[in-house]
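The structure appears right after this line, and notes come after that.
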Amino acid sequence: MIEDAQAIERVSSARVPTEHGEFQAQVFRDVGGTEHLALVFGQLGDREVLVRVHSECLTGDALGSLRCDCGDQLQQSLARVATEGSGVVIYLRGHEGRGIGIGHKIAAYALQDSGLDTVDANVELGLPVDDRRYDTAARILLVLGVSKLRLMTNNPAKVAGLREFGLDVERASMSSVPNKENVEYLRAKQSRMGHMIDGLDADAGTEA
Ligand SMILES: [Zn+2]
């Protein structure tokens, strides 16, 4: 359980209209000074809340890079929360490249272009395979009054990472659309990190 939800500070809040509808953006600063965003849609209420805990990915989210599925998952999350009528999308900063930062992530991409997969590329660089922590996300959810949630993710480590802090988490699966640039990356996430991705058969991504 988390006894120190006050270890994050709410900095500011304003409405942010998007193509999916209008969210209330709340900014939280963690003890290290990093600012994170919670996009809240509608009234959260007492029942299980639909939540995405999204790891920052500049290339995928902002640039639409096809090397990963992050941008699509972010848009899918915003759309699903809006369709549901309520929910939260937390945008966690400092999670670029599973926590290794943009410089290292691009270096890992170069290694992947020479044949390593996403896991071995990090290892080759002497970096952790996944350096993300979910304590800040758990604190933000508790400050928002969310303790029971349906988490939109294919990553079992994310579910476990939030349960560690006493949250009642059920997984809601997300679709991942393979293309020829990301199919090996998705396969590595499935086989080496236990991600639960539907539709990744032998032919996946070949025609995209
Ligand atoms: Zn990404």
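Identifiers in the structure tokens: chain A, B, ... in order shown; residue index from 1 per chain; ligand index from 1 in order shown.
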request  = Please extract the residues at most 7 Å from ligand 1, counting only C-alpha atoms and all ligand atoms, and provide them as JSON, numbers by chain, using the chain letters and residue numbers of this document.
outcome  = {"A": [57, 59, 60, 61, 68, 69, 70, 71, 97]}
message = Can you pull out every residue from stretch 30-205 of chain A that DSSP, working from the backbone, puts in strand (DSSP E or B), and format the result as JSON, numbers by chain?
response = {"A": [35, 36, 37, 38, 39, 40, 41, 49, 50, 51, 52, 53, 54, 55, 87, 88, 89, 90, 91, 92, 148, 149, 150, 151, 152, 168, 169, 170, 171, 172]}
Keeping N, CA, C and O atoms for every residue in the selection just given, could you write it to a file as a short mmCIF file (atom, residue, chain, number, x, y, z; two decimals), in the first residue's frame?
data_model
loop_
_atom_site.label_atom_id
_atom_site.label_comp_id
_atom_site.auth_asym_id
_atom_site.auth_seq_id
_atom_site.Cartn_x
_atom_site.Cartn_y
_atom_site.Cartn_z
N GLU A 35 7.15 16.19 -14.16
CA GLU A 35 5.72 16.48 -14.23
C GLU A 35 5.01 15.48 -15.15
O GLU A 35 5.48 15.19 -16.25
N HIS A 36 3.91 14.95 -14.67
CA HIS A 36 3.12 13.94 -15.37
C HIS A 36 1.71 14.48 -15.58
O HIS A 36 1.26 15.36 -14.85
N LEU A 37 1.01 13.87 -16.54
CA LEU A 37 -0.32 14.36 -16.88
C LEU A 37 -1.37 13.28 -16.64
O LEU A 37 -1.17 12.13 -17.02
N ALA A 38 -2.47 13.68 -16.00
CA ALA A 38 -3.63 12.78 -15.92
C ALA A 38 -4.76 13.43 -16.72
O ALA A 38 -5.15 14.56 -16.44
N LEU A 39 -5.24 12.73 -17.76
CA LEU A 39 -6.35 13.24 -18.56
C LEU A 39 -7.61 12.53 -18.09
O LEU A 39 -7.77 11.33 -18.29
N VAL A 40 -8.48 13.30 -17.43
CA VAL A 40 -9.67 12.72 -16.82
C VAL A 40 -10.87 13.03 -17.68
O VAL A 40 -11.08 14.18 -18.08
N PHE A 41 -11.67 11.99 -17.96
CA PHE A 41 -12.87 12.19 -18.77
C PHE A 41 -14.10 11.89 -17.90
O PHE A 41 -14.17 10.82 -17.29
N VAL A 49 -12.85 1.93 -12.68
CA VAL A 49 -12.61 3.00 -13.65
C VAL A 49 -11.72 2.48 -14.78
O VAL A 49 -10.76 1.74 -14.55
N LEU A 50 -12.06 2.86 -16.00
CA LEU A 50 -11.25 2.50 -17.16
C LEU A 50 -10.02 3.41 -17.20
O LEU A 50 -10.14 4.64 -17.20
N VAL A 51 -8.83 2.78 -17.19
CA VAL A 51 -7.59 3.55 -17.04
C VAL A 51 -6.54 3.08 -18.05
O VAL A 51 -6.42 1.89 -18.32
N ARG A 52 -5.79 4.03 -18.58
CA ARG A 52 -4.57 3.73 -19.31
C ARG A 52 -3.42 4.40 -18.57
O ARG A 52 -3.53 5.59 -18.22
N VAL A 53 -2.36 3.66 -18.30
CA VAL A 53 -1.13 4.26 -17.76
C VAL A 53 -0.13 4.21 -18.91
O VAL A 53 0.43 3.16 -19.22
N HIS A 54 0.01 5.34 -19.58
CA HIS A 54 0.77 5.37 -20.83
C HIS A 54 2.18 5.87 -20.60
O HIS A 54 2.39 6.94 -20.03
N SER A 55 3.16 5.10 -21.07
CA SER A 55 4.55 5.49 -20.97
C SER A 55 4.92 6.40 -22.13
O SER A 55 4.73 6.04 -23.29
N GLY A 87 -13.23 7.96 -17.33
CA GLY A 87 -11.98 7.21 -17.23
C GLY A 87 -10.79 8.16 -17.18
O GLY A 87 -10.95 9.39 -17.18
N VAL A 88 -9.62 7.56 -17.11
CA VAL A 88 -8.39 8.35 -16.94
C VAL A 88 -7.29 7.81 -17.85
O VAL A 88 -7.09 6.60 -17.92
N VAL A 89 -6.60 8.71 -18.53
CA VAL A 89 -5.37 8.34 -19.24
C VAL A 89 -4.23 9.10 -18.55
O VAL A 89 -4.20 10.33 -18.55
N ILE A 90 -3.33 8.34 -17.93
CA ILE A 90 -2.17 8.95 -17.27
C ILE A 90 -1.00 8.89 -18.24
O ILE A 90 -0.70 7.83 -18.79
N TYR A 91 -0.39 10.04 -18.45
CA TYR A 91 0.76 10.11 -19.37
C TYR A 91 2.01 10.27 -18.52
O TYR A 91 2.25 11.32 -17.93
N LEU A 92 2.78 9.18 -18.42
CA LEU A 92 3.95 9.17 -17.53
C LEU A 92 5.19 9.63 -18.26
O LEU A 92 5.61 9.03 -19.26
N LYS A 148 -10.01 1.01 -7.73
CA LYS A 148 -10.41 -0.17 -8.52
C LYS A 148 -10.43 0.24 -9.98
O LYS A 148 -11.10 1.21 -10.35
N LEU A 149 -9.70 -0.52 -10.81
CA LEU A 149 -9.62 -0.09 -12.18
C LEU A 149 -9.53 -1.25 -13.16
O LEU A 149 -9.11 -2.34 -12.82
N ARG A 150 -9.93 -0.95 -14.40
CA ARG A 150 -9.70 -1.83 -15.54
C ARG A 150 -8.60 -1.17 -16.34
O ARG A 150 -8.79 -0.08 -16.89
N LEU A 151 -7.43 -1.80 -16.35
CA LEU A 151 -6.25 -1.19 -16.96
C LEU A 151 -6.10 -1.64 -18.41
O LEU A 151 -5.96 -2.83 -18.69
N MET A 152 -6.11 -0.67 -19.32
CA MET A 152 -5.95 -1.00 -20.74
C MET A 152 -4.46 -1.23 -21.01
O MET A 152 -3.68 -0.27 -21.08
N ASP A 168 -6.65 -2.34 -6.92
CA ASP A 168 -7.40 -3.50 -7.41
C ASP A 168 -7.46 -3.37 -8.94
O ASP A 168 -8.21 -2.56 -9.47
N VAL A 169 -6.63 -4.18 -9.63
CA VAL A 169 -6.45 -3.99 -11.07
C VAL A 169 -6.90 -5.22 -11.86
O VAL A 169 -6.46 -6.33 -11.60
N GLU A 170 -7.78 -4.97 -12.82
CA GLU A 170 -8.19 -6.01 -13.75
C GLU A 170 -7.66 -5.55 -15.11
O GLU A 170 -7.61 -4.36 -15.38
N ARG A 171 -7.24 -6.48 -15.97
CA ARG A 171 -6.68 -6.07 -17.26
C ARG A 171 -7.75 -5.99 -18.33
O ARG A 171 -8.60 -6.87 -18.44
N ALA A 172 -7.71 -4.92 -19.11
CA ALA A 172 -8.55 -4.79 -20.30
C ALA A 172 -7.60 -4.80 -21.49
O ALA A 172 -6.70 -3.97 -21.55
#
request  = Could you jot down the atom CA of A:Gly101 to atom CA of A:Phe165 separation for me, Å, one decimal place?
outcome  =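 If I compute the distance from atom CA of A:Gly101 to atom CA of A:Phe165, I get 24.7 Å.
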Wanna dump the stretch 90-123 of chain A-stretch 132-137 of chain A contacts at 7 Å for me, each residue with its shortest atom pair and the distance in Å to one decimal, counting only C-alpha atoms, ordered by chain and number, as a tab-separated table?
residue	atom	partner	partner_atom	distance
A:His95	CA	A:Arg132	CA	6.1
A:Arg98	CA	A:Arg132	CA	5.8
A:Gly99	CA	A:Arg132	CA	5.2
Next, the residues of the selection above should be written as a short mmCIF file (atom, residue, chain, number, x, y, z; two decimals), in the first residue's frame with C-alpha atoms.
data_model
loop_
_atom_site.label_atom_id
_atom_site.label_comp_id
_atom_site.auth_asym_id
_atom_site.auth_seq_id
_atom_site.Cartn_x
_atom_site.Cartn_y
_atom_site.Cartn_z
CA HIS A 95 9.37 6.40 -19.42
CA ARG A 98 10.97 1.68 -21.21
CA GLY A 99 12.82 4.16 -19.01
#
task = Calculate how many Å separate atom CA of A:Leu200 from atom CA of A:Leu66, rounding to one decimal.
result =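 One can read the atom CA of A:Leu200 to atom CA of A:Leu66 distance as 16.1 Å.
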key: Nearest candidate to A:Arg187 (options A:Thr118, A:Gln26, A:Ser175, A:Ser147; using only C-alpha atoms)   = A:Thr118
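The residue set within 10 Å of A:Thr34, counting only C-alpha atoms and dropping same-chain residues fewer than 2 places from it, reads Ile8, Phe28, Arg29, Asp30, Val31, Gly32, His36, Leu92, Arg93 and Gly94 of chain A.
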